[in-house]
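Next up, my_file_15.cif (mmCIF, C-alpha atoms):
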data_start
loop_
_atom_site.label_atom_id
_atom_site.label_comp_id
_atom_site.auth_asym_id
_atom_site.auth_seq_id
_atom_site.Cartn_x
_atom_site.Cartn_y
_atom_site.Cartn_z
CA MET A 1 307.31 -240.34 79.92
CA THR A 2 303.80 -241.59 79.19
CA GLY A 3 302.52 -239.92 76.02
CA VAL A 4 305.66 -237.81 75.46
CA ARG A 5 306.75 -237.55 71.83
CA ARG A 6 310.13 -236.28 70.65
CA ARG A 7 311.14 -234.79 67.31
CA TYR A 8 313.44 -232.38 65.51
CA VAL A 9 312.11 -229.19 63.95
CA ASP A 10 313.90 -227.45 61.06
CA THR A 11 314.25 -223.71 61.76
CA ARG A 12 316.15 -220.79 60.28
CA LEU A 13 318.79 -221.31 62.99
CA GLY A 14 319.13 -225.06 62.44
CA GLN A 15 317.39 -228.07 63.91
CA MET A 16 315.72 -227.71 67.29
CA HIS A 17 314.90 -230.70 69.49
CA LEU A 18 311.42 -230.77 71.01
CA ALA A 19 309.51 -233.01 73.40
CA GLU A 20 305.74 -232.64 73.63
CA CYS A 21 302.65 -234.12 75.19
CA GLY A 22 298.91 -233.50 75.04
CA SER A 23 296.84 -231.15 72.90
CA GLY A 24 295.06 -227.82 73.10
CA THR A 25 296.55 -224.53 74.32
CA PRO A 26 300.26 -224.47 73.41
CA VAL A 27 302.61 -224.05 76.38
CA LEU A 28 306.38 -224.01 75.83
CA PHE A 29 308.78 -224.81 78.70
CA LEU A 30 312.38 -223.48 78.74
CA HIS A 31 315.05 -225.15 80.88
CA GLN A 32 317.89 -223.80 83.04
CA THR A 33 321.63 -223.95 82.27
CA PRO A 34 323.15 -226.45 81.43
CA ARG A 35 320.07 -228.62 81.10
CA SER A 36 317.82 -229.90 78.32
CA TRP A 37 314.12 -230.69 77.97
CA THR A 38 314.61 -233.54 80.49
CA GLU A 39 314.35 -231.00 83.31
CA TYR A 40 310.60 -231.26 82.58
CA ILE A 41 310.48 -235.03 82.10
CA ARG A 42 307.92 -235.41 84.92
CA VAL A 43 306.11 -232.13 84.26
CA LEU A 44 305.16 -232.80 80.62
CA PRO A 45 302.88 -235.82 81.24
CA ILE A 46 301.04 -233.91 83.96
CA ALA A 47 300.67 -230.69 81.96
CA GLY A 48 299.80 -232.67 78.83
CA GLY A 49 296.55 -233.69 80.47
CA SER A 50 295.32 -230.10 80.09
CA VAL A 51 297.34 -228.41 77.33
CA HIS A 52 299.75 -229.02 74.48
CA ALA A 53 302.87 -229.07 76.66
CA MET A 54 306.20 -228.65 74.84
CA ALA A 55 309.77 -228.50 76.14
CA MET A 56 312.57 -227.51 73.79
CA ASP A 57 316.31 -227.86 74.05
CA THR A 58 317.58 -224.28 74.09
CA LEU A 59 319.73 -223.30 71.12
CA GLY A 60 323.21 -224.66 71.88
CA PHE A 61 322.05 -227.19 74.51
CA GLY A 62 320.81 -230.77 74.47
CA GLN A 63 320.15 -231.94 70.93
CA SER A 64 319.42 -228.52 69.43
CA ALA A 65 321.74 -226.82 66.97
CA ARG A 66 324.90 -225.12 68.24
CA THR A 67 325.21 -221.92 66.25
CA GLY A 68 326.47 -218.49 67.27
CA GLU A 69 327.47 -217.03 70.60
CA PHE A 70 325.78 -217.87 73.87
CA SER A 71 323.64 -214.90 74.95
CA ILE A 72 320.12 -214.44 76.24
CA GLU A 73 319.26 -212.59 73.07
CA ARG A 74 320.54 -215.47 70.93
CA PHE A 75 318.65 -218.03 73.00
CA ALA A 76 315.49 -215.94 72.54
CA ASP A 77 316.16 -215.93 68.78
CA GLY A 78 316.05 -219.73 69.01
CA VAL A 79 312.69 -219.70 70.78
CA GLU A 80 311.23 -217.39 68.15
CA ALA A 81 312.69 -219.50 65.34
CA LEU A 82 311.07 -222.63 66.77
CA LEU A 83 307.68 -220.95 67.20
CA ASP A 84 307.85 -219.65 63.63
CA ALA A 85 308.73 -223.10 62.30
CA LEU A 86 305.83 -224.64 64.24
CA GLY A 87 303.45 -221.97 62.94
CA LEU A 88 302.56 -220.85 66.47
CA SER A 89 301.65 -217.18 66.60
CA ARG A 90 300.67 -217.20 70.28
CA VAL A 91 301.81 -219.41 73.17
CA ALA A 92 302.16 -219.46 76.93
CA LEU A 93 305.84 -219.41 77.86
CA VAL A 94 307.30 -220.98 81.02
CA GLY A 95 310.96 -220.71 82.00
CA HIS A 96 313.04 -221.89 84.94
CA HIS A 97 316.22 -220.06 86.05
CA THR A 98 318.06 -219.29 82.75
CA GLY A 99 314.93 -220.36 80.90
CA ALA A 100 312.99 -217.67 82.76
CA VAL A 101 315.44 -214.99 81.65
CA ILE A 102 315.07 -216.19 78.05
CA ALA A 103 311.28 -216.11 78.41
CA LEU A 104 311.48 -212.56 79.75
CA GLU A 105 313.44 -211.47 76.68
CA VAL A 106 310.87 -213.05 74.34
CA ALA A 107 308.08 -211.27 76.23
CA ALA A 108 309.91 -207.92 76.11
CA ARG A 109 310.31 -208.18 72.33
CA ASP A 110 306.72 -208.95 71.40
CA PRO A 111 304.07 -209.12 74.13
CA SER A 112 301.39 -209.94 71.57
CA ARG A 113 303.02 -213.30 70.94
CA LEU A 114 302.44 -214.60 74.47
CA SER A 115 299.15 -215.51 76.10
CA ALA A 116 300.79 -215.92 79.52
CA LEU A 117 304.26 -215.84 81.07
CA VAL A 118 305.50 -217.94 84.00
CA LEU A 119 308.94 -217.08 85.35
CA SER A 120 310.26 -219.71 87.75
CA ALA A 121 313.19 -218.84 90.03
CA MET A 122 314.32 -216.06 87.71
CA PRO A 123 317.41 -214.22 88.97
CA HIS A 124 317.18 -210.44 89.19
CA VAL A 125 320.17 -209.37 87.09
CA THR A 126 321.40 -206.02 88.39
CA PRO A 127 324.82 -204.35 88.71
CA GLY A 128 324.70 -205.20 92.41
CA ARG A 129 324.15 -208.88 91.65
CA ARG A 130 327.04 -208.90 89.19
CA GLU A 131 329.26 -207.45 91.90
CA ARG A 132 328.11 -210.04 94.45
CA VAL A 133 328.78 -213.05 92.22
CA ARG A 134 331.95 -211.74 90.57
CA ASP A 135 334.34 -213.44 92.99
CA LEU A 136 332.27 -216.54 93.73
CA PRO A 137 333.41 -219.96 92.45
CA GLN A 138 332.25 -220.65 88.89
CA VAL A 139 329.05 -222.67 88.75
CA ASP A 140 329.39 -226.15 87.18
CA HIS A 141 333.04 -225.50 86.37
CA VAL A 142 335.04 -228.65 85.54
CA ARG A 143 338.00 -229.44 83.30
CA PRO A 144 337.76 -232.66 81.25
CA ALA A 145 340.21 -235.16 82.75
CA ALA A 146 341.87 -238.13 81.08
CA ASP A 147 340.57 -240.48 83.79
CA GLY A 148 337.00 -239.11 83.63
CA ALA A 149 337.20 -237.51 87.07
CA HIS A 150 335.26 -234.51 85.75
CA VAL A 151 332.13 -236.68 85.52
CA THR A 152 332.30 -237.41 89.24
CA GLU A 153 333.08 -233.76 89.92
CA LEU A 154 329.90 -232.66 88.12
CA TRP A 155 327.94 -235.13 90.24
CA ARG A 156 329.61 -233.93 93.44
CA GLN A 157 329.00 -230.24 92.72
CA ARG A 158 325.27 -230.75 92.14
CA ARG A 159 324.62 -233.49 94.71
CA ALA A 160 323.40 -231.05 97.37
CA PHE A 161 320.71 -229.67 95.04
CA TYR A 162 318.96 -233.05 94.81
CA ASP A 163 317.25 -235.05 97.54
CA ALA A 164 318.16 -238.62 98.40
CA GLY A 165 316.33 -240.83 95.90
CA GLN A 166 316.72 -238.30 93.06
CA GLU A 167 319.76 -239.99 91.58
CA ASP A 168 317.95 -240.45 88.27
CA ASP A 169 317.43 -236.68 88.02
CA LEU A 170 321.04 -236.02 88.96
CA THR A 171 322.15 -238.49 86.29
CA ARG A 172 320.15 -236.57 83.69
CA PHE A 173 321.83 -233.36 84.85
CA VAL A 174 325.29 -234.87 84.37
CA ILE A 175 324.37 -236.13 80.89
CA ASP A 176 323.14 -232.66 79.92
CA ALA A 177 326.24 -230.97 81.34
CA LEU A 178 328.61 -233.32 79.52
CA GLN A 179 327.02 -232.38 76.20
CA VAL A 180 328.24 -228.79 76.69
CA VAL A 181 331.27 -229.49 78.87
CA ASP A 182 333.38 -227.21 76.66
CA ARG A 183 330.95 -224.31 77.23
CA LEU A 184 329.52 -224.95 80.70
CA GLN A 185 330.18 -221.40 81.89
CA ASP A 186 328.82 -219.67 78.82
CA GLY A 187 325.16 -220.12 79.71
CA HIS A 188 325.68 -218.74 83.20
CA ALA A 189 327.78 -215.89 81.81
CA ALA A 190 324.97 -215.02 79.39
CA VAL A 191 322.61 -214.48 82.35
CA GLY A 192 325.13 -212.21 84.09
CA ALA A 193 325.66 -210.12 80.96
CA TYR A 194 321.95 -209.63 80.24
CA GLY A 195 320.61 -206.08 80.45
CA MET A 196 317.50 -206.97 82.42
CA ALA A 197 316.76 -203.52 83.83
CA SER A 198 315.79 -202.10 80.44
CA ARG A 199 313.70 -205.14 79.50
CA LEU A 200 311.50 -205.55 82.59
CA PRO A 201 309.41 -202.41 81.85
CA LEU A 202 308.62 -203.74 78.35
CA VAL A 203 306.79 -206.84 79.61
CA ARG A 204 303.05 -206.48 79.07
CA THR A 205 302.08 -210.14 79.25
CA ARG A 206 300.09 -211.51 82.18
CA THR A 207 302.85 -212.89 84.42
CA LEU A 208 303.30 -215.27 87.36
CA LEU A 209 306.47 -215.72 89.42
CA LEU A 210 307.24 -219.12 90.95
CA CYS A 211 310.11 -220.16 93.22
CA GLY A 212 311.06 -223.08 95.43
CA ALA A 213 311.10 -222.27 99.13
CA GLN A 214 314.60 -223.72 99.46
CA ASP A 215 316.06 -221.94 96.41
CA ALA A 216 318.57 -219.74 98.23
CA TYR A 217 319.92 -218.42 94.94
CA SER A 218 316.70 -216.99 93.50
CA LEU A 219 314.18 -216.64 96.31
CA PRO A 220 315.69 -213.39 97.70
CA ASP A 221 315.25 -211.77 94.26
CA GLN A 222 311.55 -212.52 93.91
CA PRO A 223 309.92 -209.66 95.89
CA ALA A 224 311.77 -207.03 93.83
CA LEU A 225 310.85 -208.81 90.61
CA ALA A 226 307.20 -209.05 91.68
CA ARG A 227 307.16 -205.28 92.26
CA ALA A 228 308.88 -204.55 88.95
CA LEU A 229 306.48 -206.76 87.00
CA GLY A 230 303.38 -206.01 89.08
CA CYS A 231 302.58 -209.69 89.41
CA GLU A 232 301.91 -212.46 91.93
CA LEU A 233 304.61 -214.64 93.48
CA GLN A 234 303.91 -218.24 94.48
CA VAL A 235 306.48 -220.03 96.67
CA ILE A 236 306.41 -223.83 96.51
CA ASP A 237 307.50 -225.79 99.56
CA GLY A 238 309.74 -228.84 99.35
CA ALA A 239 311.85 -227.63 96.44
CA GLY A 240 314.96 -225.63 95.69
CA VAL A 241 316.95 -225.02 92.52
CA CYS A 242 315.47 -228.19 90.97
CA LEU A 243 311.82 -227.20 91.46
CA PRO A 244 310.38 -228.85 88.30
CA GLU A 245 312.06 -232.15 89.24
CA GLN A 246 311.45 -232.04 92.99
CA ARG A 247 307.80 -230.92 92.89
CA PRO A 248 306.58 -231.63 89.34
CA ASP A 249 303.02 -231.99 90.57
CA ALA A 250 302.91 -228.63 92.35
CA PHE A 251 304.89 -226.93 89.58
CA ALA A 252 302.57 -228.22 86.83
CA GLU A 253 299.48 -227.38 88.87
CA ALA A 254 300.61 -223.78 89.41
CA VAL A 255 301.49 -223.36 85.75
CA MET A 256 298.29 -224.94 84.41
CA SER A 257 296.07 -223.00 86.79
CA PHE A 258 297.63 -219.75 85.59
CA VAL A 259 297.97 -220.31 81.83
CA THR A 260 294.45 -221.73 81.43
CA GLN A 261 292.73 -218.80 83.17
CA PRO A 262 290.17 -217.17 80.90
CA ARG A 263 291.44 -213.91 79.43
CA VAL A 264 289.61 -210.86 80.76
#

Re-express the file's structure as structure tokens.
Amino acid sequence: MTGVRRRYVDTRLGQMHLAECGSGTPVLFLHQTPRSWTEYIRVLPIAGGSVHAMAMDTLGFGQSARTGEFSIERFADGVEALLDALGLSRVALVGHHTGAVIALEVAARDPSRLSALVLSAMPHVTPGRRERVRDLPQVDHVRPAADGAHVTELWRQRRAFYDAGQEDDLTRFVIDALQVVDRLQDGHAAVGAYGMASRLPLVRTRTLLLCGAQDAYSLPDQPALARALGCELQVIDGAGVCLPEQRPDAFAEAVMSFVTQPRV
């Protein structure tokens, strides 16, 4: 965490927790469900060498305020509230999984606010997808147990997503999940309920799609999203669902190369 600073920012929706590193072009990173800014704990020091890299805790997650229902629209309200409080009229926005869906909603609302948009492993939310996942086991579902067995269950459920030697990353996941253990499903449900089809055509921001080569959940969706957004897709080897943690170097390099391109 060399050079990473952490602080709370007062916004119209309550306090938001923010980690940041570096200076220059502002770039805001949005995490997946049920994570916090620590998903980017290795990315921030790398990105901070080129830009003002910031990672927020999404409204309702981590150390940010818990107000209102969980929905993509509400999470996007939180992003806008933070940017307003920071006095940032224009930023590059980077999101991973749920964070990418939130970033898409921000871009659809006001393209002029974003200098660049990076959507990492964003699911393509369609009626067909809702049908496919309807009867699947709930993601990250645990019931708090008197003997603490739910902590081990969270570890067990996510173990396959992390490589051997990534136990520190998996520990951070469990910590993040326990902070919203009463609402673990709500973030995932918000993605499934999002009306993405009507929002994709509204995106006018220069966009890049990223995805880990081993991300079996999101990789199949990327070609259709690339066509819908008219943008490039970069697939990063050696990573799956946990791309920013498994390949922070390649992830940061792809993001920095894109967001620092001169505007034409």

Counting all atoms listed in the file, the option among A:Gly78, A:Gly87, A:Gly99, A:Pro127 closest to Ala197 of chain A
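Looking at the shortest contact to Ala197 of chain A, the residue is A:Pro127.
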
Can you give me, as number ranges by chain, the residues this file yields under the PyMOL selection byres ((chain A and resi 238) around 12)?
A: 161-163, 211-215, 235-237, 239-251

Could those residues be written to a file, using C-alpha atoms, as a short mmCIF file (atom, residue, chain, number, x, y, z; two decimals), in the coordinates of the input?
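Ended up saving to result09.cif:
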data_model
loop_
_atom_site.label_atom_id
_atom_site.label_comp_id
_atom_site.auth_asym_id
_atom_site.auth_seq_id
_atom_site.Cartn_x
_atom_site.Cartn_y
_atom_site.Cartn_z
CA PHE A 161 320.71 -229.67 95.04
CA TYR A 162 318.96 -233.05 94.81
CA ASP A 163 317.25 -235.05 97.54
CA CYS A 211 310.11 -220.16 93.22
CA GLY A 212 311.06 -223.08 95.43
CA ALA A 213 311.10 -222.27 99.13
CA GLN A 214 314.60 -223.72 99.46
CA ASP A 215 316.06 -221.94 96.41
CA VAL A 235 306.48 -220.03 96.67
CA ILE A 236 306.41 -223.83 96.51
CA ASP A 237 307.50 -225.79 99.56
CA ALA A 239 311.85 -227.63 96.44
CA GLY A 240 314.96 -225.63 95.69
CA VAL A 241 316.95 -225.02 92.52
CA CYS A 242 315.47 -228.19 90.97
CA LEU A 243 311.82 -227.20 91.46
CA PRO A 244 310.38 -228.85 88.30
CA GLU A 245 312.06 -232.15 89.24
CA GLN A 246 311.45 -232.04 92.99
CA ARG A 247 307.80 -230.92 92.89
CA PRO A 248 306.58 -231.63 89.34
CA ASP A 249 303.02 -231.99 90.57
CA ALA A 250 302.91 -228.63 92.35
CA PHE A 251 304.89 -226.93 89.58
#

Is there a way to get, as a list of chain:residue names, all residues within 10 Å of the point (303.9, -206.2, 86.2) in file coordinates, counting all atoms listed in the file?
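Every residue inside that radius is included here: A:Leu200, A:Pro201, A:Leu202, A:Val203, A:Arg204, A:Thr205, A:Arg206, A:Thr207, A:Leu208, A:Leu225, A:Ala226, A:Arg227, A:Ala228, A:Leu229, A:Gly230, A:Cys231, A:Glu232.
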
Selection to disk with C-alpha atoms, as a CSV table (one decimal), in the frame of the given file:
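As written to disk, selection_4.csv reads:
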chain,number,residue,atom,x,y,z
A,200,LEU,CA,311.5,-205.6,82.6
A,201,PRO,CA,309.4,-202.4,81.8
A,202,LEU,CA,308.6,-203.7,78.4
A,203,VAL,CA,306.8,-206.8,79.6
A,204,ARG,CA,303.0,-206.5,79.1
A,205,THR,CA,302.1,-210.1,79.2
A,206,ARG,CA,300.1,-211.5,82.2
A,207,THR,CA,302.8,-212.9,84.4
A,208,LEU,CA,303.3,-215.3,87.4
A,225,LEU,CA,310.8,-208.8,90.6
A,226,ALA,CA,307.2,-209.0,91.7
A,227,ARG,CA,307.2,-205.3,92.3
A,228,ALA,CA,308.9,-204.6,89.0
A,229,LEU,CA,306.5,-206.8,87.0
A,230,GLY,CA,303.4,-206.0,89.1
A,231,CYS,CA,302.6,-209.7,89.4
A,232,GLU,CA,301.9,-212.5,91.9

A:Ala216, A:Pro137, A:Leu28, A:Ala145: which is nearest Arg90 of chain A, counting only C-alpha atoms?
A:Leu28

Leaving out segment 47-57 of chain A and any residue of its chain fewer than 4 positions from it, which residues lie within 7 Å of it when counting only C-alpha atoms, given as a VMD selection string?
chain A and resid 16 to 30 36 to 37 43 61 to 64 252 256

Write the residues you've just listed into a file as a short mmCIF file (atom, residue, chain, number, x, y, z; two decimals), keeping the file's coordinate frame, and include C-alpha atoms for each of them.
data_model
loop_
_atom_site.label_atom_id
_atom_site.label_comp_id
_atom_site.auth_asym_id
_atom_site.auth_seq_id
_atom_site.Cartn_x
_atom_site.Cartn_y
_atom_site.Cartn_z
CA MET A 16 315.72 -227.71 67.29
CA HIS A 17 314.90 -230.70 69.49
CA LEU A 18 311.42 -230.77 71.01
CA ALA A 19 309.51 -233.01 73.40
CA GLU A 20 305.74 -232.64 73.63
CA CYS A 21 302.65 -234.12 75.19
CA GLY A 22 298.91 -233.50 75.04
CA SER A 23 296.84 -231.15 72.90
CA GLY A 24 295.06 -227.82 73.10
CA THR A 25 296.55 -224.53 74.32
CA PRO A 26 300.26 -224.47 73.41
CA VAL A 27 302.61 -224.05 76.38
CA LEU A 28 306.38 -224.01 75.83
CA PHE A 29 308.78 -224.81 78.70
CA LEU A 30 312.38 -223.48 78.74
CA SER A 36 317.82 -229.90 78.32
CA TRP A 37 314.12 -230.69 77.97
CA VAL A 43 306.11 -232.13 84.26
CA PHE A 61 322.05 -227.19 74.51
CA GLY A 62 320.81 -230.77 74.47
CA GLN A 63 320.15 -231.94 70.93
CA SER A 64 319.42 -228.52 69.43
CA ALA A 252 302.57 -228.22 86.83
CA MET A 256 298.29 -224.94 84.41
#

Evaluate the PyMOL selection byres ((chain A and resi 172) around 12) and report residues as a PyMOL selection string
chain A and resi 34-41+62+154-155+158+162+166-171+173-179+245

Can you measure atom CA of His124 of chain A to atom CA of Gln32 of chain A for me? One decimal in Å is fine.
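Computing the Euclidean distance for atom CA of His124 of chain A and atom CA of Gln32 of chain A yields 14.7 Å.
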
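Listed by chain and then by number, the residues chosen by the PyMOL selection byres ((chain A and resi 100-115) around 7) in this file are A:Ile72, A:Glu73, A:Phe75, A:Ala76, A:Ser89, A:Arg90, A:Val91, A:Ala92, A:Leu93, A:Val94, A:Gly95, A:His96, A:His97, A:Thr98, A:Gly99, A:Ala116, A:Leu117, A:Leu119, A:Ser120, A:Met122, A:Arg199, A:Leu202, A:Val203, A:Arg204, A:Thr205.
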
Keeping C-alpha atoms, export the residues of the selection given above as a short mmCIF file (atom, residue, chain, number, x, y, z; two decimals), in the frame of the given file.
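Saved result, selection.cif, follows:
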data_model
loop_
_atom_site.label_atom_id
_atom_site.label_comp_id
_atom_site.auth_asym_id
_atom_site.auth_seq_id
_atom_site.Cartn_x
_atom_site.Cartn_y
_atom_site.Cartn_z
CA ILE A 72 320.12 -214.44 76.24
CA GLU A 73 319.26 -212.59 73.07
CA PHE A 75 318.65 -218.03 73.00
CA ALA A 76 315.49 -215.94 72.54
CA SER A 89 301.65 -217.18 66.60
CA ARG A 90 300.67 -217.20 70.28
CA VAL A 91 301.81 -219.41 73.17
CA ALA A 92 302.16 -219.46 76.93
CA LEU A 93 305.84 -219.41 77.86
CA VAL A 94 307.30 -220.98 81.02
CA GLY A 95 310.96 -220.71 82.00
CA HIS A 96 313.04 -221.89 84.94
CA HIS A 97 316.22 -220.06 86.05
CA THR A 98 318.06 -219.29 82.75
CA GLY A 99 314.93 -220.36 80.90
CA ALA A 116 300.79 -215.92 79.52
CA LEU A 117 304.26 -215.84 81.07
CA LEU A 119 308.94 -217.08 85.35
CA SER A 120 310.26 -219.71 87.75
CA MET A 122 314.32 -216.06 87.71
CA ARG A 199 313.70 -205.14 79.50
CA LEU A 202 308.62 -203.74 78.35
CA VAL A 203 306.79 -206.84 79.61
CA ARG A 204 303.05 -206.48 79.07
CA THR A 205 302.08 -210.14 79.25
#

(313.7, -227.9, 61.6) in this file's frame - what residues fall within 10 Å of it? Use all atoms listed in the file and give the answer as a JSON list (two decimals) with C-alpha atoms, in the frame of the given file.
[["chain", "number", "residue", "atom", "x", "y", "z"],
["A", 7, "ARG", "CA", 311.14, -234.79, 67.31],
["A", 8, "TYR", "CA", 313.44, -232.38, 65.51],
["A", 9, "VAL", "CA", 312.11, -229.19, 63.95],
["A", 10, "ASP", "CA", 313.90, -227.45, 61.06],
["A", 11, "THR", "CA", 314.25, -223.71, 61.76],
["A", 12, "ARG", "CA", 316.15, -220.79, 60.28],
["A", 13, "LEU", "CA", 318.79, -221.31, 62.99],
["A", 14, "GLY", "CA", 319.13, -225.06, 62.44],
["A", 15, "GLN", "CA", 317.39, -228.07, 63.91],
["A", 16, "MET", "CA", 315.72, -227.71, 67.29],
["A", 17, "HIS", "CA", 314.90, -230.70, 69.49],
["A", 64, "SER", "CA", 319.42, -228.52, 69.43],
["A", 65, "ALA", "CA", 321.74, -226.82, 66.97],
["A", 81, "ALA", "CA", 312.69, -219.50, 65.34],
["A", 82, "LEU", "CA", 311.07, -222.63, 66.77],
["A", 85, "ALA", "CA", 308.73, -223.10, 62.30],
["A", 86, "LEU", "CA", 305.83, -224.64, 64.24]]

Measure the distance from atom CA of Pro262 of chain A to atom CA of Val118 of chain A in Å and round it to one decimal.
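One can read the atom CA of Pro262 of chain A to atom CA of Val118 of chain A distance as 15.7 Å.
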
Residue contacts of Ser71 of chain A (10 Å, all atoms listed in the file) excluding same-chain residues fewer than 3 positions away, as a list in words:
Gly68, Arg74, Phe75, Ala76, Asp77, Ile102, Asp186, Gly187, His188, Ala189, Ala190, Val191, Gly192, Ala193 and Tyr194 of chain A

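Among the candidate residues A:Ser257, A:Tyr217, A:Ala149, A:Arg42, the one lying nearest to Val133 of chain A is A:Tyr217, with distances computed using all atoms listed in the file.
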
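The residue that comes closest to Pro45 of chain A, out of A:Glu153, A:Glu253, A:Asp221, A:Glu69 and on the basis of only C-alpha atoms, is A:Glu253.
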
Report the distance between atom CA of Val255 of chain A and atom CA of Leu210 of chain A in Å, rounded to one decimal place.
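Atom-to-atom, atom CA of Val255 of chain A and atom CA of Leu210 of chain A are spaced 8.8 Å apart.
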
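For the choices A:Leu44, A:Ala146, A:Val139, A:Leu219, the atom-to-atom distance to Arg183 of chain A is smallest for A:Val139 when using all atoms listed in the file.
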